[in-house]
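Participant: For reference, the structure I am asking about is given below.
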Amino acid sequence: MEKKIWSVLLILFLSVTFSDRSVAANWWQNKKQATSSTSNSVGSSVIFRVEGNVYPDGLYYVTFNIGNPPKPYYLDLDTGSDLTWLQCDAPCVHCDKVPHSLYKPNKNNLVICKEQICTSLDSNDCHNPNEQCDYSIEYADHGSSLGVLTRDIFPLRFTNGSVHTPRLAFGCGYDQQGFCTGSVCPTDGILGLGNGGASIISQLKSQGLTKNVIGHCLSGTNGGYLFFGDDVVPSSGVVWTPMSITSFDKHYSPGPADLSYGGKPTGITGLRTIFDSGSSYTYFNSMAYQALITVVKKNLLGKPLKEAADDHTLPLCWKRAKAFKSVGEAKTYFSSVVLNFGGGKKARLEISPESYLIISKNGNVCLGILNGTEVGLDTLNLVGDTSMRNKMVIYDNEKQQIGWIPADCNRLPKSGTVH
């Protein structure tokens, strides 16, 4: 199942612009220890265990505990949007079946239109400053969510040992249409990790609890981790490039990129690019995609692979006489895809075959880089989960830079606390 392209749809198609779960059990025990002091928390981090994969699940998600008493909810990671929201009973007009009971908001916790958190939302639907802050999101595939902004407690344990219970604003979606393709949604909602004022990380920053830095490390097999703050950011070895703050408001863009394959330029330059963990796959515009598959096919000549036209897992798959059991068996037939970003000095994002290939249920190897123009992205290029696997990717909103470094995402950072 392929995950929705959250950020791109928000950019292009909005009709209204817009598991260690012990923290829940330990929250009451540590509530008295929690302090409202911010002096010993700034510079500390929060780490979350990530579950999921690119294929076959089509998403990565974390568990957040929300409320009093805290209850767990699965949230789909999305660096391409700001607002975190849950499907909820407000009451529910149309909600999907989700892993946990629908969140039930308290009317006394609703955000009103004149509050800054509401005005920071492009997708707010306000007419009166004293009315509740409603939002309306519609996607290109006609999926949509209508809801109201509310607040609740998010118990969080930081890497310095402190426990805090900030009240954070998020969306309560009471009317979802076309949101899930299966009988049960894999998650309860979306975790908006963008750099707008409504995002969870921006709210934590404004409350003095952590720096406005987020990062994720997505395993090439299954799982990984997410973090808020800069405690676990390596002091060396990270490739940094400035964020392009003029190209895509509220979206993480490292600016234009040049494309190469197997160490050789493809002739494709100046690709407008954003990083989006809300998309399972990477999307290149039609010209870049055609250039890539041309050179990939050329490099496969004489090798014991042929196109598997009968495998519709992804647009382009190959098979050999003996079915593939792992990407490790297939990677020797392919080379790295490289995006070179500017910004004073070249920042090289190497996407290894282990990252951009998947093995289908049929035992074929498939290309996890797709034609974005065909799905309505025009000339935009999107670096999705396939290209970010086996790397720590860091979005430093404090210094306005994006960084990455190869990492074993199956190994959690050395910390006493992981959510």
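Here's how to read the names in the structure tokens: chain A, B, ... by the order shown, residue numbers from 1 in each chain, ligand numbers from 1 in the order shown.
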Please identify the strand (DSSP E) residues within range 48-191 of chain A (assignment by DSSP from backbone atoms) and present them as a PyMOL selection string.
Facilitator: chain A and resi 48-53+59-66+71-78+85-87+134-138+144-153+156-157+163-164+167-177+189-191
Participant: Find the spatial neighbours of range 328-338 of chain A, counting only C-alpha atoms, within a cut-off of 7 Å - ignore same-chain residues fewer than 4 positions away - and output them as a list in words.
Facilitator: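 The filter keeps Leu259, Ser260, Tyr261, Gly262, Leu300, Phe324, Arg348, Leu349, Glu350, Ile351, Ser352, Pro353, Glu354 and Val365 of chain A.
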Participant: Output all heavy atoms of each residue in that selection to a file, as a CSV table (one decimal), in the first residue's frame.
Facilitator:
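Output below, filename part.csv:
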chain,number,residue,atom,x,y,z
A,259,LEU,N,21.3,15.6,-11.0
A,259,LEU,CA,21.1,14.2,-10.9
A,259,LEU,C,22.2,13.4,-11.6
A,259,LEU,O,22.6,13.7,-12.7
A,259,LEU,CB,19.8,13.8,-11.5
A,259,LEU,CG,19.4,12.4,-11.6
A,259,LEU,CD1,19.2,11.8,-10.2
A,259,LEU,CD2,18.1,12.2,-12.4
A,260,SER,N,22.8,12.4,-10.9
A,260,SER,CA,23.7,11.5,-11.5
A,260,SER,C,23.4,10.1,-11.1
A,260,SER,O,22.7,9.8,-10.2
A,260,SER,CB,25.2,11.9,-11.1
A,260,SER,OG,25.3,11.7,-9.7
A,261,TYR,N,24.0,9.1,-11.9
A,261,TYR,CA,23.7,7.7,-11.7
A,261,TYR,C,25.1,7.0,-11.9
A,261,TYR,O,25.7,7.2,-13.0
A,261,TYR,CB,22.6,7.1,-12.5
A,261,TYR,CG,22.4,5.7,-12.3
A,261,TYR,CD1,21.6,5.2,-11.2
A,261,TYR,CD2,22.9,4.7,-13.2
A,261,TYR,CE1,21.4,3.9,-11.0
A,261,TYR,CE2,22.7,3.4,-13.0
A,261,TYR,CZ,21.9,3.0,-11.9
A,261,TYR,OH,21.7,1.6,-11.7
A,262,GLY,N,25.4,6.1,-11.0
A,262,GLY,CA,26.7,5.4,-11.2
A,262,GLY,C,27.9,6.3,-11.3
A,262,GLY,O,28.9,5.9,-12.0
A,300,LEU,N,21.9,-2.2,-17.2
A,300,LEU,CA,21.4,-3.6,-17.0
A,300,LEU,C,21.6,-4.5,-18.2
A,300,LEU,O,21.4,-5.7,-18.1
A,300,LEU,CB,19.9,-3.6,-16.6
A,300,LEU,CG,19.6,-3.1,-15.2
A,300,LEU,CD1,18.1,-3.1,-15.0
A,300,LEU,CD2,20.3,-3.9,-14.1
A,324,PHE,N,14.2,-13.2,-6.2
A,324,PHE,CA,15.0,-12.5,-5.2
A,324,PHE,C,14.3,-12.6,-3.8
A,324,PHE,O,13.1,-12.6,-3.7
A,324,PHE,CB,15.0,-11.0,-5.5
A,324,PHE,CG,15.9,-10.6,-6.7
A,324,PHE,CD1,15.3,-10.3,-7.9
A,324,PHE,CD2,17.3,-10.7,-6.6
A,324,PHE,CE1,16.1,-9.9,-9.0
A,324,PHE,CE2,18.1,-10.4,-7.7
A,324,PHE,CZ,17.4,-10.0,-8.9
A,348,ARG,N,26.2,16.3,-1.2
A,348,ARG,CA,25.9,15.1,-2.0
A,348,ARG,C,25.0,14.1,-1.3
A,348,ARG,O,25.4,13.6,-0.2
A,348,ARG,CB,27.2,14.4,-2.4
A,348,ARG,CG,27.2,13.3,-3.3
A,348,ARG,CD,28.6,12.9,-3.7
A,348,ARG,NE,28.7,11.8,-4.7
A,348,ARG,CZ,28.7,10.5,-4.4
A,348,ARG,NH1,28.8,10.2,-3.1
A,348,ARG,NH2,28.8,9.6,-5.3
A,349,LEU,N,23.8,13.9,-1.8
A,349,LEU,CA,22.9,12.9,-1.2
A,349,LEU,C,23.0,11.6,-2.0
A,349,LEU,O,22.5,11.6,-3.1
A,349,LEU,CB,21.5,13.4,-1.2
A,349,LEU,CG,20.4,12.4,-0.7
A,349,LEU,CD1,20.6,12.1,0.8
A,349,LEU,CD2,19.0,13.0,-0.9
A,350,GLU,N,23.6,10.6,-1.5
A,350,GLU,CA,23.8,9.4,-2.2
A,350,GLU,C,22.7,8.4,-1.8
A,350,GLU,O,22.5,8.1,-0.6
A,350,GLU,CB,25.1,8.7,-1.9
A,350,GLU,CG,25.3,7.4,-2.7
A,350,GLU,CD,26.7,6.8,-2.5
A,350,GLU,OE1,27.6,7.5,-1.9
A,350,GLU,OE2,26.9,5.6,-2.9
A,351,ILE,N,21.9,8.0,-2.8
A,351,ILE,CA,20.8,7.1,-2.6
A,351,ILE,C,21.2,5.7,-3.1
A,351,ILE,O,21.3,5.5,-4.3
A,351,ILE,CB,19.5,7.5,-3.3
A,351,ILE,CG1,19.2,9.0,-3.0
A,351,ILE,CG2,18.3,6.7,-2.9
A,351,ILE,CD1,18.2,9.7,-3.9
A,352,SER,N,21.6,4.8,-2.2
A,352,SER,CA,22.1,3.5,-2.6
A,352,SER,C,21.0,2.6,-3.1
A,352,SER,O,19.8,2.8,-2.8
A,352,SER,CB,22.8,2.9,-1.4
A,352,SER,OG,21.9,2.6,-0.4
A,353,PRO,N,21.4,1.6,-3.8
A,353,PRO,CA,20.4,0.6,-4.3
A,353,PRO,C,19.6,0.0,-3.1
A,353,PRO,O,18.4,-0.2,-3.3
A,353,PRO,CB,21.2,-0.5,-5.0
A,353,PRO,CG,22.4,0.3,-5.5
A,353,PRO,CD,22.7,1.3,-4.4
A,354,GLU,N,20.2,-0.2,-2.0
A,354,GLU,CA,19.5,-0.7,-0.8
A,354,GLU,C,18.3,0.2,-0.4
A,354,GLU,O,17.4,-0.3,0.2
A,354,GLU,CB,20.4,-1.0,0.3
A,354,GLU,CG,21.5,-2.0,0.1
A,354,GLU,CD,22.8,-1.4,-0.3
A,354,GLU,OE1,22.8,-0.4,-1.1
A,354,GLU,OE2,23.9,-1.9,0.1
A,365,VAL,N,12.6,-7.4,-8.3
A,365,VAL,CA,13.2,-6.2,-7.8
A,365,VAL,C,12.5,-5.0,-8.5
A,365,VAL,O,12.4,-5.0,-9.7
A,365,VAL,CB,14.7,-6.2,-7.9
A,365,VAL,CG1,15.2,-6.3,-9.4
A,365,VAL,CG2,15.3,-4.9,-7.3
Participant: Would you please extract all alpha helix (DSSP H) residues from range 319-397 of chain A, as assigned by DSSP on the backbone, and give them as an MDAnalysis selection string?
Facilitator: chainID A and resid 327:330 353:356 385:388
Participant: Could those residues be written to a file, using N, CA, C and O atoms, as a PDB file, in the first residue's frame?
Facilitator:
ATOM      1  N   VAL A 327      16.838  -7.380  -0.953  1.00  0.00           N
ATOM      2  CA  VAL A 327      17.477  -6.336  -1.757  1.00  0.00           C
ATOM      3  C   VAL A 327      18.975  -6.602  -1.862  1.00  0.00           C
ATOM      4  O   VAL A 327      19.606  -6.280  -2.878  1.00  0.00           O
ATOM      5  N   GLY A 328      19.541  -7.230  -0.837  1.00  0.00           N
ATOM      6  CA  GLY A 328      20.965  -7.541  -0.861  1.00  0.00           C
ATOM      7  C   GLY A 328      21.357  -8.391  -2.055  1.00  0.00           C
ATOM      8  O   GLY A 328      22.477  -8.265  -2.572  1.00  0.00           O
ATOM      9  N   GLU A 329      20.459  -9.257  -2.504  1.00  0.00           N
ATOM     10  CA  GLU A 329      20.744 -10.101  -3.659  1.00  0.00           C
ATOM     11  C   GLU A 329      20.673  -9.317  -4.966  1.00  0.00           C
ATOM     12  O   GLU A 329      21.267  -9.717  -5.965  1.00  0.00           O
ATOM     13  N   ALA A 330      19.932  -8.204  -4.963  1.00  0.00           N
ATOM     14  CA  ALA A 330      19.704  -7.457  -6.203  1.00  0.00           C
ATOM     15  C   ALA A 330      20.598  -6.240  -6.358  1.00  0.00           C
ATOM     16  O   ALA A 330      20.790  -5.735  -7.476  1.00  0.00           O
ATOM     17  N   PRO A 353      21.378   1.567  -3.850  1.00  0.00           N
ATOM     18  CA  PRO A 353      20.355   0.612  -4.309  1.00  0.00           C
ATOM     19  C   PRO A 353      19.556   0.017  -3.146  1.00  0.00           C
ATOM     20  O   PRO A 353      18.354  -0.244  -3.288  1.00  0.00           O
ATOM     21  N   GLU A 354      20.195  -0.195  -1.998  1.00  0.00           N
ATOM     22  CA  GLU A 354      19.470  -0.741  -0.842  1.00  0.00           C
ATOM     23  C   GLU A 354      18.345   0.179  -0.405  1.00  0.00           C
ATOM     24  O   GLU A 354      17.360  -0.275   0.192  1.00  0.00           O
ATOM     25  N   SER A 355      18.480   1.474  -0.705  1.00  0.00           N
ATOM     26  CA  SER A 355      17.457   2.440  -0.307  1.00  0.00           C
ATOM     27  C   SER A 355      16.341   2.564  -1.337  1.00  0.00           C
ATOM     28  O   SER A 355      15.170   2.632  -0.974  1.00  0.00           O
ATOM     29  N   TYR A 356      16.693   2.609  -2.618  1.00  0.00           N
ATOM     30  CA  TYR A 356      15.641   2.905  -3.597  1.00  0.00           C
ATOM     31  C   TYR A 356      15.012   1.669  -4.239  1.00  0.00           C
ATOM     32  O   TYR A 356      14.054   1.788  -5.012  1.00  0.00           O
ATOM     33  N   ASP A 385      10.472   8.433   1.409  1.00  0.00           N
ATOM     34  CA  ASP A 385      11.075   7.474   2.342  1.00  0.00           C
ATOM     35  C   ASP A 385      12.097   6.550   1.689  1.00  0.00           C
ATOM     36  O   ASP A 385      13.093   6.186   2.317  1.00  0.00           O
ATOM     37  N   THR A 386      11.859   6.146   0.432  1.00  0.00           N
ATOM     38  CA  THR A 386      12.803   5.233  -0.217  1.00  0.00           C
ATOM     39  C   THR A 386      14.205   5.807  -0.294  1.00  0.00           C
ATOM     40  O   THR A 386      15.191   5.071  -0.236  1.00  0.00           O
ATOM     41  N   SER A 387      14.298   7.111  -0.423  1.00  0.00           N
ATOM     42  CA  SER A 387      15.606   7.749  -0.570  1.00  0.00           C
ATOM     43  C   SER A 387      16.221   8.165   0.762  1.00  0.00           C
ATOM     44  O   SER A 387      17.372   8.597   0.806  1.00  0.00           O
ATOM     45  N   MET A 388      15.452   8.049   1.836  1.00  0.00           N
ATOM     46  CA  MET A 388      15.953   8.479   3.145  1.00  0.00           C
ATOM     47  C   MET A 388      16.212   7.307   4.082  1.00  0.00           C
ATOM     48  O   MET A 388      16.627   7.501   5.228  1.00  0.00           O
TER      49      MET A 388
END
Participant: Please determine, counting only C-alpha atoms, which residue among A:Tyr252, A:Phe158, A:Tyr174, A:Tyr60 has the shortest atom-to-atom distance to Gly224 in chain A.
Facilitator: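 Among the listed residues, A:Tyr60 lies closest to Gly224 in chain A.
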Participant: What is the CA of Ile201 in chain A to CA of Phe284 in chain A distance in Å?
Facilitator: 28.8 Å
Participant: Could you tell me how far CA of Asp76 in chain A sits from CA of His251 in chain A, in Å to one decimal place?
Facilitator: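 Computing it gives 16.8 Å between the two atoms.
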Participant: If we count only C-alpha atoms and set the cut-off at 10 Å, which residues sit around Lys322 in chain A, ignoring sequence neighbours fewer than 2 positions away in its own chain? Please answer as a PDB file with N, CA, C and O atoms, in the first residue's frame.
Facilitator:
ATOM      1  N   LYS A 319      12.946  -9.163 -13.174  1.00  0.00           N
ATOM      2  CA  LYS A 319      13.007 -10.513 -12.610  1.00  0.00           C
ATOM      3  C   LYS A 319      14.234 -11.245 -13.153  1.00  0.00           C
ATOM      4  O   LYS A 319      14.819 -10.874 -14.169  1.00  0.00           O
ATOM      5  N   ARG A 320      14.599 -12.288 -12.424  1.00  0.00           N
ATOM      6  CA  ARG A 320      15.667 -13.172 -12.884  1.00  0.00           C
ATOM      7  C   ARG A 320      15.150 -14.598 -12.783  1.00  0.00           C
ATOM      8  O   ARG A 320      14.007 -14.829 -12.354  1.00  0.00           O
ATOM      9  N   PHE A 324      14.194 -13.178  -6.188  1.00  0.00           N
ATOM     10  CA  PHE A 324      14.979 -12.471  -5.182  1.00  0.00           C
ATOM     11  C   PHE A 324      14.325 -12.644  -3.814  1.00  0.00           C
ATOM     12  O   PHE A 324      13.106 -12.574  -3.680  1.00  0.00           O
ATOM     13  N   LYS A 325      15.155 -12.847  -2.807  1.00  0.00           N
ATOM     14  CA  LYS A 325      14.660 -12.942  -1.438  1.00  0.00           C
ATOM     15  C   LYS A 325      14.922 -11.664  -0.643  1.00  0.00           C
ATOM     16  O   LYS A 325      14.262 -11.420   0.361  1.00  0.00           O
ATOM     17  N   GLY A 363       8.860 -11.726  -5.767  1.00  0.00           N
ATOM     18  CA  GLY A 363      10.282 -12.033  -5.816  1.00  0.00           C
ATOM     19  C   GLY A 363      11.034 -11.263  -6.874  1.00  0.00           C
ATOM     20  O   GLY A 363      12.147 -11.642  -7.248  1.00  0.00           O
ATOM     21  N   ASN A 364      10.440 -10.175  -7.360  1.00  0.00           N
ATOM     22  CA  ASN A 364      11.108  -9.327  -8.344  1.00  0.00           C
ATOM     23  C   ASN A 364      11.675  -8.092  -7.660  1.00  0.00           C
ATOM     24  O   ASN A 364      11.251  -7.719  -6.565  1.00  0.00           O
TER      25      ASN A 364
END
Participant: Would you kindly return, as a count of residues only, each protein, DNA or RNA residue with an atom no farther than 6 Å from any atom of Leu367 in chain A, considering only C-alpha atoms and excluding same-chain residues fewer than 2 positions away?
Facilitator: 3
Participant: For CA of Gly147 in chain A and CA of Phe48 in chain A, quote the distance in Å rounded to one decimal.
Facilitator: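 Separating CA of Gly147 in chain A from CA of Phe48 in chain A is a distance of 26.2 Å.
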Participant: Set the distance at 10 Å and use only C-alpha atoms: which residues neighbour Cys95 in chain A once local chain neighbours fewer than 6 positions away are removed? I'd like the list as a PyMOL selection string.
Facilitator: chain A and resi 87-89+102+145+173-180
Participant: If you count only C-alpha atoms, which residues fall within 8 Å of Lys97 in chain A, apart from same-chain ones fewer than 5 positions away, as a PyMOL selection string?
Facilitator: chain A and resi 183-185
Participant: Can those selected residues be exported to a file as a PDB file, in the first residue's frame so that it contains N, CA and C atoms?
Facilitator:
ATOM      1  N   SER A 183      -9.891  -1.650   5.015  1.00  0.00           N
ATOM      2  CA  SER A 183     -11.007  -1.689   5.966  1.00  0.00           C
ATOM      3  C   SER A 183     -10.649  -1.032   7.281  1.00  0.00           C
ATOM      4  N   VAL A 184      -9.347  -1.021   7.607  1.00  0.00           N
ATOM      5  CA  VAL A 184      -8.869  -0.385   8.833  1.00  0.00           C
ATOM      6  C   VAL A 184      -7.669   0.489   8.499  1.00  0.00           C
ATOM      7  N   CYS A 185      -7.684   1.743   8.941  1.00  0.00           N
ATOM      8  CA  CYS A 185      -6.531   2.617   8.741  1.00  0.00           C
ATOM      9  C   CYS A 185      -5.353   2.101   9.569  1.00  0.00           C
TER      10      CYS A 185
END
Participant: Hey, which of A:Gly67, A:Gly384, A:Pro56, A:Gly229 ends up closest to Ser202 in chain A? Count only C-alpha atoms.
Facilitator: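 Of A:Gly67, A:Gly384, A:Pro56, A:Gly229, the one nearest Ser202 in chain A, counting only C-alpha atoms, is A:Gly229.
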Participant: Rank nothing, just name the residue among A:Leu149, A:Glu398, A:Pro105, A:Asn381 nearest to Thr119 in chain A, using only C-alpha atoms.
Facilitator: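 Of A:Leu149, A:Glu398, A:Pro105, A:Asn381, the one nearest Thr119 in chain A, counting only C-alpha atoms, is A:Leu149.
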